[in-house]
Amino acid sequence: MLIDARDVAHALWEEIRNAMVEIDRPASLALCCLLAAGHLLVEDVPGVGKTTLAKVIARAIGGHDSRIQCTET
């Protein structure tokens, strides 16, 4: 059975949209990395939903999430 990448991307996008608001660009970049089997480092100010985005994507694909906290000094 062939899996259509558009269907996968659409299903993942719907999961993200159900859980988050105002995160179109970061979510689309994260999905691109996921579908390309790449790696993603998300850096931004606190409170913009980085951890939530990771958890939603992990849950949507049946995976788990890990978080590394680094503070610049």
# chains A, B, ... in the order shown; residues from 1 in each chain; ligands from 1
$ select_by_dssp --residues "chain A" --states "alpha helix (DSSP H)" --output "JSON, numbers by chain"
{"A": [5, 6, 7, 8, 9, 10, 11, 12, 13, 14, 15, 16, 17, 18, 19, 24, 25, 26, 27, 28, 29, 30, 31, 32, 33, 34, 35, 50, 51, 52, 53, 54, 55, 56, 57, 58, 59, 60]}
$ write_last_selection --atoms "N, CA and C atoms" --output "short mmCIF file (atom, residue, chain, number, x, y, z; two decimals), in the first residue's frame"
data_model
loop_
_atom_site.label_atom_id
_atom_site.label_comp_id
_atom_site.auth_asym_id
_atom_site.auth_seq_id
_atom_site.Cartn_x
_atom_site.Cartn_y
_atom_site.Cartn_z
N ALA A 5 2.17 11.33 0.46
CA ALA A 5 2.78 12.31 1.36
C ALA A 5 1.83 13.48 1.63
N ARG A 6 1.01 13.83 0.65
CA ARG A 6 0.06 14.93 0.86
C ARG A 6 -0.95 14.58 1.94
N ASP A 7 -1.41 13.32 1.93
CA ASP A 7 -2.38 12.89 2.95
C ASP A 7 -1.75 12.91 4.34
N VAL A 8 -0.52 12.45 4.42
CA VAL A 8 0.19 12.45 5.70
C VAL A 8 0.38 13.87 6.20
N ALA A 9 0.86 14.74 5.32
CA ALA A 9 1.09 16.14 5.70
C ALA A 9 -0.21 16.80 6.13
N HIS A 10 -1.28 16.55 5.40
CA HIS A 10 -2.57 17.14 5.74
C HIS A 10 -3.06 16.65 7.11
N ALA A 11 -2.93 15.37 7.37
CA ALA A 11 -3.37 14.82 8.66
C ALA A 11 -2.55 15.41 9.80
N LEU A 12 -1.24 15.53 9.62
CA LEU A 12 -0.39 16.12 10.64
C LEU A 12 -0.74 17.59 10.85
N TRP A 13 -0.96 18.30 9.75
CA TRP A 13 -1.31 19.72 9.84
C TRP A 13 -2.60 19.90 10.64
N GLU A 14 -3.58 19.05 10.42
CA GLU A 14 -4.85 19.14 11.15
C GLU A 14 -4.65 18.90 12.64
N GLU A 15 -3.79 17.95 12.99
CA GLU A 15 -3.49 17.71 14.39
C GLU A 15 -2.89 18.95 15.04
N ILE A 16 -1.97 19.57 14.34
CA ILE A 16 -1.33 20.78 14.88
C ILE A 16 -2.34 21.90 15.01
N ARG A 17 -3.15 22.12 13.97
CA ARG A 17 -4.14 23.20 13.99
C ARG A 17 -5.17 23.00 15.10
N ASN A 18 -5.49 21.75 15.43
CA ASN A 18 -6.44 21.48 16.51
C ASN A 18 -5.86 21.84 17.88
N ALA A 19 -4.54 21.78 18.01
CA ALA A 19 -3.91 22.00 19.30
C ALA A 19 -3.34 23.40 19.48
N ASP A 24 1.56 28.97 12.11
CA ASP A 24 1.63 28.43 10.75
C ASP A 24 3.05 28.23 10.24
N ARG A 25 3.89 29.25 10.31
CA ARG A 25 5.25 29.13 9.76
C ARG A 25 6.10 28.11 10.50
N PRO A 26 6.21 28.18 11.84
CA PRO A 26 7.01 27.17 12.52
C PRO A 26 6.49 25.75 12.31
N ALA A 27 5.17 25.60 12.30
CA ALA A 27 4.60 24.27 12.11
C ALA A 27 4.89 23.74 10.71
N SER A 28 4.78 24.58 9.70
CA SER A 28 5.05 24.11 8.34
C SER A 28 6.52 23.75 8.17
N LEU A 29 7.42 24.50 8.78
CA LEU A 29 8.84 24.17 8.70
C LEU A 29 9.14 22.87 9.45
N ALA A 30 8.50 22.67 10.59
CA ALA A 30 8.68 21.43 11.34
C ALA A 30 8.18 20.23 10.54
N LEU A 31 7.04 20.38 9.87
CA LEU A 31 6.52 19.28 9.05
C LEU A 31 7.44 18.99 7.87
N CYS A 32 8.01 20.02 7.27
CA CYS A 32 8.97 19.81 6.17
C CYS A 32 10.16 18.99 6.64
N CYS A 33 10.68 19.34 7.81
CA CYS A 33 11.81 18.58 8.36
C CYS A 33 11.42 17.13 8.64
N LEU A 34 10.24 16.94 9.20
CA LEU A 34 9.77 15.59 9.51
C LEU A 34 9.62 14.75 8.25
N LEU A 35 8.96 15.29 7.24
CA LEU A 35 8.72 14.54 6.01
C LEU A 35 10.00 14.30 5.22
N LYS A 50 6.88 26.25 21.47
CA LYS A 50 7.86 25.30 20.91
C LYS A 50 7.66 23.89 21.47
N THR A 51 7.53 23.79 22.79
CA THR A 51 7.35 22.48 23.42
C THR A 51 6.01 21.87 23.02
N THR A 52 4.97 22.68 22.98
CA THR A 52 3.66 22.18 22.58
C THR A 52 3.68 21.66 21.15
N LEU A 53 4.36 22.37 20.25
CA LEU A 53 4.47 21.93 18.86
C LEU A 53 5.15 20.56 18.80
N ALA A 54 6.25 20.40 19.53
CA ALA A 54 6.96 19.12 19.54
C ALA A 54 6.08 17.99 20.08
N LYS A 55 5.34 18.26 21.14
CA LYS A 55 4.48 17.24 21.72
C LYS A 55 3.34 16.85 20.78
N VAL A 56 2.76 17.84 20.12
CA VAL A 56 1.65 17.56 19.19
C VAL A 56 2.13 16.71 18.03
N ILE A 57 3.26 17.06 17.45
CA ILE A 57 3.79 16.29 16.32
C ILE A 57 4.16 14.88 16.76
N ALA A 58 4.80 14.77 17.92
CA ALA A 58 5.17 13.44 18.42
C ALA A 58 3.94 12.57 18.62
N ARG A 59 2.91 13.13 19.23
CA ARG A 59 1.67 12.38 19.46
C ARG A 59 1.01 11.99 18.14
N ALA A 60 1.04 12.89 17.16
CA ALA A 60 0.38 12.63 15.88
C ALA A 60 1.03 11.50 15.10
#
$ atom_distance --atom1 "CA of Gly49 (chain A)" --atom2 "CA of Asp4 (chain A)"
28.4 Å
$ closest_residue --among "A:Val48, A:Ala37, A:Met20, A:Val42" --to "Ile68 (chain A)" --atoms "only C-alpha atoms"
A:Val42
$ closest_residue --among "A:Ile23, A:His39, A:Ile3, A:Asp44" --to "Thr71 (chain A)" --atoms "only C-alpha atoms"
A:Asp44
